[in-house]
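The structure appears below as structure tokens.
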Amino acid sequence: MIEFMKSIAKQAGAIALAGQLELQKKRIHTKGNARDLVTDTDRAVEEFICSRIREEYPQYGIFGEETGKSDSSSEYCFIIDPIDGTASFVHNLPNWCVSIGLHKNGEPIVAVVYQPSMNDLYYAEKGKGAYLNGTKLHVSACDTLVESIVGTGFFCLRAGWKEENNLKYVSRIAPLVCDLRKYGSAALDACLVARGSLDAWWELCLAPYDIAAGVLILTEAGGRITDLHGGTEFPQKGIMGSNGALHSTLLKFFEDHQDLHS
């Protein structure tokens with residue numbers, strides 16, 4: 001299974017890169033609002049991935065960002081984000097990826113995230129560790145905020161959240177850490193924590209396909225994932241991924257978080 005998922009992720013990445021070269025304004029569309037972008041390439045990549053899955057595993061369910069859930073009673077479900085980081089994709093920035101996760105009875109068991117611009121392939125199988133291009137990953141050992149680099153995102157603002165958006169948490173955390181990063185792809189944020197490039201990451205207003213692959217890669221690299229209350233209801237109650245050492249410290253900044261949009 002892992003080899004199948006790695007193969008289709010790389011093929012999907014090649015399709016996306018080709019589409020990026022040909023991207024024209026007429027092929028860029030919006031979904032919920034003018035800042036929530038989708039391209040014809042997003043849809044073409046998802047169509048390719050779904051077609052390959054249906055050829056090899058026709059009995060499995062599929063949940064794609066662009067096409068939604070297929071009808072299936074299978075305990076297995078592929079969860080797909082064809083281009084996570086579409087804004088970066090449209091603006092020719094490198095921080096976008098193809099994300100494919102396989103869940104069994106709602107739990108992640110195989111995950112692949114491919115970043116075509118860097119030719120970086122992240123992958124993990126439950127209980128077998130996480131890897132980047134064949135090299136085993138492990139989270140950082142940083143245990144102090146002042147030495148840490150943390151990531152976040154602002155899809156909540158693009159979604160129009162006026163209350164309980166991410167701005168107040170950024171204002172609390174940014175002055176206390178070494179630096180803050182925003183890459184625009186939740187799947188890549190999770191992978192960057194897994195490889196130790198980020199020490200932690202949090203975000204609000206994500207969907208299951210945003211984190212379906214990244215969560216397994218991060219946890220298999222020794223990291224910790226919770227919602228913003230320290231529980232398991234992510235991403236609907238927000239999500240935090242860390243190296244573990246910083247997790248409890250960062251959760252304290254969210255003690256007054258209200259789930260107004262869950």
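Chain identifiers are assigned as A, B, and so on, following the order in which chains appear in the structure tokens; residues are numbered from 1 within each chain, and ligands are numbered from 1 in order of appearance.
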
Which neighbours of Gly244 of chain A fall inside 12 Å, counting only C-alpha atoms, when residues of the same chain fewer than 2 positions from it are skipped, and could you give them as a PDB file with N, CA and C atoms, in the first residue's frame?
ATOM      1  N   HIS A 138      12.628  12.527  12.972  1.00  0.00           N
ATOM      2  CA  HIS A 138      12.351  12.651  14.402  1.00  0.00           C
ATOM      3  C   HIS A 138      12.183  14.124  14.737  1.00  0.00           C
ATOM      4  N   VAL A 139      11.239  14.391  15.624  1.00  0.00           N
ATOM      5  CA  VAL A 139      10.978  15.766  16.038  1.00  0.00           C
ATOM      6  C   VAL A 139      12.170  16.339  16.803  1.00  0.00           C
ATOM      7  N   SER A 140      12.162  17.648  16.983  1.00  0.00           N
ATOM      8  CA  SER A 140      13.245  18.328  17.689  1.00  0.00           C
ATOM      9  C   SER A 140      13.173  18.048  19.196  1.00  0.00           C
ATOM     10  N   ALA A 141      14.228  18.440  19.884  1.00  0.00           N
ATOM     11  CA  ALA A 141      14.283  18.300  21.352  1.00  0.00           C
ATOM     12  C   ALA A 141      14.087  19.633  22.050  1.00  0.00           C
ATOM     13  N   CYS A 142      13.763  20.684  21.327  1.00  0.00           N
ATOM     14  CA  CYS A 142      13.619  22.014  21.916  1.00  0.00           C
ATOM     15  C   CYS A 142      12.529  22.018  22.986  1.00  0.00           C
ATOM     16  N   ASP A 143      12.838  22.557  24.177  1.00  0.00           N
ATOM     17  CA  ASP A 143      11.857  22.560  25.255  1.00  0.00           C
ATOM     18  C   ASP A 143      11.639  23.937  25.870  1.00  0.00           C
ATOM     19  N   THR A 144      12.118  24.983  25.215  1.00  0.00           N
ATOM     20  CA  THR A 144      11.893  26.336  25.709  1.00  0.00           C
ATOM     21  C   THR A 144      11.331  27.204  24.602  1.00  0.00           C
ATOM     22  N   VAL A 193       7.284  19.935  11.418  1.00  0.00           N
ATOM     23  CA  VAL A 193       7.459  19.576  12.832  1.00  0.00           C
ATOM     24  C   VAL A 193       8.059  18.178  12.927  1.00  0.00           C
ATOM     25  N   ALA A 194       7.602  17.271  12.075  1.00  0.00           N
ATOM     26  CA  ALA A 194       8.118  15.902  12.094  1.00  0.00           C
ATOM     27  C   ALA A 194       9.616  15.849  11.819  1.00  0.00           C
ATOM     28  N   GLY A 196      11.726  18.283  12.467  1.00  0.00           N
ATOM     29  CA  GLY A 196      12.457  19.110  13.417  1.00  0.00           C
ATOM     30  C   GLY A 196      12.762  20.505  12.933  1.00  0.00           C
ATOM     31  N   ASP A 199       9.285  23.507  15.686  1.00  0.00           N
ATOM     32  CA  ASP A 199       9.166  22.842  16.982  1.00  0.00           C
ATOM     33  C   ASP A 199       7.711  22.608  17.362  1.00  0.00           C
ATOM     34  N   ALA A 200       6.807  23.390  16.770  1.00  0.00           N
ATOM     35  CA  ALA A 200       5.379  23.226  17.024  1.00  0.00           C
ATOM     36  C   ALA A 200       4.609  23.983  15.951  1.00  0.00           C
ATOM     37  N   TRP A 201       3.311  23.705  15.893  1.00  0.00           N
ATOM     38  CA  TRP A 201       2.434  24.341  14.910  1.00  0.00           C
ATOM     39  C   TRP A 201       1.001  24.222  15.404  1.00  0.00           C
ATOM     40  N   LEU A 218       3.627  13.115  11.628  1.00  0.00           N
ATOM     41  CA  LEU A 218       4.143  13.797  12.814  1.00  0.00           C
ATOM     42  C   LEU A 218       4.217  12.855  14.012  1.00  0.00           C
ATOM     43  N   THR A 219       3.149  12.118  14.262  1.00  0.00           N
ATOM     44  CA  THR A 219       3.154  11.240  15.434  1.00  0.00           C
ATOM     45  C   THR A 219       4.149  10.092  15.284  1.00  0.00           C
ATOM     46  N   ALA A 221       6.897  10.357  13.882  1.00  0.00           N
ATOM     47  CA  ALA A 221       8.216  10.961  14.091  1.00  0.00           C
ATOM     48  C   ALA A 221       8.453  11.310  15.561  1.00  0.00           C
ATOM     49  N   GLY A 222       7.528  10.907  16.428  1.00  0.00           N
ATOM     50  CA  GLY A 222       7.691  11.132  17.860  1.00  0.00           C
ATOM     51  C   GLY A 222       6.981  12.348  18.398  1.00  0.00           C
ATOM     52  N   GLY A 223       6.172  13.016  17.567  1.00  0.00           N
ATOM     53  CA  GLY A 223       5.477  14.216  17.998  1.00  0.00           C
ATOM     54  C   GLY A 223       4.143  13.936  18.645  1.00  0.00           C
ATOM     55  N   ARG A 224       3.490  15.003  19.049  1.00  0.00           N
ATOM     56  CA  ARG A 224       2.188  14.910  19.727  1.00  0.00           C
ATOM     57  C   ARG A 224       1.186  15.782  18.995  1.00  0.00           C
ATOM     58  N   ILE A 225      -0.045  15.300  18.866  1.00  0.00           N
ATOM     59  CA  ILE A 225      -1.136  16.024  18.226  1.00  0.00           C
ATOM     60  C   ILE A 225      -2.329  16.049  19.172  1.00  0.00           C
ATOM     61  N   THR A 226      -2.919  17.234  19.380  1.00  0.00           N
ATOM     62  CA  THR A 226      -4.181  17.344  20.126  1.00  0.00           C
ATOM     63  C   THR A 226      -5.010  18.470  19.513  1.00  0.00           C
ATOM     64  N   GLY A 230      -6.252  20.170  24.357  1.00  0.00           N
ATOM     65  CA  GLY A 230      -5.482  19.010  24.778  1.00  0.00           C
ATOM     66  C   GLY A 230      -6.181  17.688  24.559  1.00  0.00           C
ATOM     67  N   MET A 240      -3.152  21.303  17.333  1.00  0.00           N
ATOM     68  CA  MET A 240      -1.781  21.634  17.681  1.00  0.00           C
ATOM     69  C   MET A 240      -0.917  20.408  17.512  1.00  0.00           C
ATOM     70  N   GLY A 241       0.193  20.564  16.820  1.00  0.00           N
ATOM     71  CA  GLY A 241       1.185  19.513  16.691  1.00  0.00           C
ATOM     72  C   GLY A 241       2.509  20.040  17.205  1.00  0.00           C
ATOM     73  N   SER A 242       3.221  19.219  17.942  1.00  0.00           N
ATOM     74  CA  SER A 242       4.485  19.691  18.508  1.00  0.00           C
ATOM     75  C   SER A 242       5.464  18.544  18.666  1.00  0.00           C
ATOM     76  N   LEU A 246       7.121  20.912  24.100  1.00  0.00           N
ATOM     77  CA  LEU A 246       6.526  22.247  24.194  1.00  0.00           C
ATOM     78  C   LEU A 246       5.005  22.225  24.295  1.00  0.00           C
ATOM     79  N   HIS A 247       4.420  21.069  24.221  1.00  0.00           N
ATOM     80  CA  HIS A 247       2.974  20.979  24.021  1.00  0.00           C
ATOM     81  C   HIS A 247       2.178  21.589  25.172  1.00  0.00           C
ATOM     82  N   SER A 248       2.457  21.157  26.377  1.00  0.00           N
ATOM     83  CA  SER A 248       1.691  21.652  27.527  1.00  0.00           C
ATOM     84  C   SER A 248       1.863  23.153  27.707  1.00  0.00           C
ATOM     85  N   THR A 249       3.050  23.648  27.463  1.00  0.00           N
ATOM     86  CA  THR A 249       3.318  25.082  27.578  1.00  0.00           C
ATOM     87  C   THR A 249       2.479  25.871  26.579  1.00  0.00           C
ATOM     88  N   LEU A 250       2.424  25.409  25.345  1.00  0.00           N
ATOM     89  CA  LEU A 250       1.672  26.124  24.320  1.00  0.00           C
ATOM     90  C   LEU A 250       0.164  26.029  24.542  1.00  0.00           C
ATOM     91  N   LEU A 251      -0.319  24.913  25.043  1.00  0.00           N
ATOM     92  CA  LEU A 251      -1.753  24.771  25.274  1.00  0.00           C
ATOM     93  C   LEU A 251      -2.285  25.815  26.250  1.00  0.00           C
TER      94      LEU A 251
END

Considering only C-alpha atoms, return as a list in words whatever protein or nucleic-acid residues lie within 9 Å of Cys50 of chain A, sequence-local ones (same chain, fewer than 5 positions apart) excluded.
-> Val45, Glu55, Ile62, Gly64, Phe78 and Ile80 of chain A

Could you take the residues named above and write them with N, CA and C atoms, as a PDB file, in the first residue's frame?
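The resulting file, selection-v2.pdb, is reproduced below:
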ATOM      1  N   VAL A  45      -5.974  16.932 -10.531  1.00  0.00           N
ATOM      2  CA  VAL A  45      -5.125  16.090  -9.691  1.00  0.00           C
ATOM      3  C   VAL A  45      -5.977  15.153  -8.847  1.00  0.00           C
ATOM      4  N   GLU A  55      -9.222   2.035  -9.494  1.00  0.00           N
ATOM      5  CA  GLU A  55      -8.695   0.913 -10.257  1.00  0.00           C
ATOM      6  C   GLU A  55      -8.115  -0.166  -9.351  1.00  0.00           C
ATOM      7  N   ILE A  62     -13.519   6.964  -0.445  1.00  0.00           N
ATOM      8  CA  ILE A  62     -12.681   8.100  -0.807  1.00  0.00           C
ATOM      9  C   ILE A  62     -13.331   9.378  -0.276  1.00  0.00           C
ATOM     10  N   GLY A  64     -12.426  13.297  -0.809  1.00  0.00           N
ATOM     11  CA  GLY A  64     -11.566  14.285  -1.442  1.00  0.00           C
ATOM     12  C   GLY A  64     -12.033  15.699  -1.169  1.00  0.00           C
ATOM     13  N   PHE A  78      -9.585   6.485   1.807  1.00  0.00           N
ATOM     14  CA  PHE A  78      -8.527   7.393   1.384  1.00  0.00           C
ATOM     15  C   PHE A  78      -9.019   8.832   1.548  1.00  0.00           C
ATOM     16  N   ILE A  80      -8.009  12.765   0.688  1.00  0.00           N
ATOM     17  CA  ILE A  80      -7.142  13.402  -0.304  1.00  0.00           C
ATOM     18  C   ILE A  80      -7.270  14.920  -0.269  1.00  0.00           C
TER      19      ILE A  80
END

Counting only C-alpha atoms, what is within 10 Å of Phe234 of chain A, bar same-chain residues fewer than 2 positions away, as a PDB file with C-alpha atoms, in the first residue's frame?
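selection.pdb written:
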ATOM      1  CA  LEU A 204      -7.936  26.805  13.499  1.00  0.00           C
ATOM      2  CA  CYS A 205     -10.615  26.134  10.872  1.00  0.00           C
ATOM      3  CA  LEU A 206      -9.085  23.094   9.187  1.00  0.00           C
ATOM      4  CA  ALA A 207     -10.881  20.173   7.547  1.00  0.00           C
ATOM      5  CA  PRO A 208     -10.046  16.451   7.832  1.00  0.00           C
ATOM      6  CA  ILE A 211      -4.421  16.960   8.224  1.00  0.00           C
ATOM      7  CA  ILE A 225      -1.136  16.024  18.226  1.00  0.00           C
ATOM      8  CA  THR A 226      -4.181  17.344  20.126  1.00  0.00           C
ATOM      9  CA  ASP A 227      -6.970  19.839  19.738  1.00  0.00           C
ATOM     10  CA  LEU A 228      -6.477  23.241  21.363  1.00  0.00           C
ATOM     11  CA  HIS A 229      -7.889  21.928  24.643  1.00  0.00           C
ATOM     12  CA  GLY A 230      -5.482  19.010  24.778  1.00  0.00           C
ATOM     13  CA  GLY A 231      -8.088  16.505  23.621  1.00  0.00           C
ATOM     14  CA  THR A 232      -8.673  14.406  20.546  1.00  0.00           C
ATOM     15  CA  GLN A 236     -12.906  20.629  14.614  1.00  0.00           C
ATOM     16  CA  LYS A 237     -11.706  22.168  17.902  1.00  0.00           C
ATOM     17  CA  GLY A 238      -8.463  23.428  16.418  1.00  0.00           C
ATOM     18  CA  ILE A 239      -5.238  21.498  16.143  1.00  0.00           C
ATOM     19  CA  MET A 240      -1.781  21.634  17.681  1.00  0.00           C
TER      20      MET A 240
END

Spatial neighbours of Lys10 of chain A, 12 Å, only C-alpha atoms, chain gap at least 2 places, as a count of residues only = 33

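Ranking A:Tyr76, A:Tyr60, A:Phe89, A:Phe253 by their shortest atom-to-atom distance to Ile109 of chain A, with only C-alpha atoms included, puts A:Tyr76 first.
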
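With only C-alpha atoms as the atoms that count, the residue of A:Phe154, A:Glu107, A:Gly127, A:Gly68 with the shortest distance to Lys182 of chain A is A:Phe154.
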
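Across the structure, atom CA of Glu203 of chain A and atom CA of Gly61 of chain A are spaced 27.0 Å apart.
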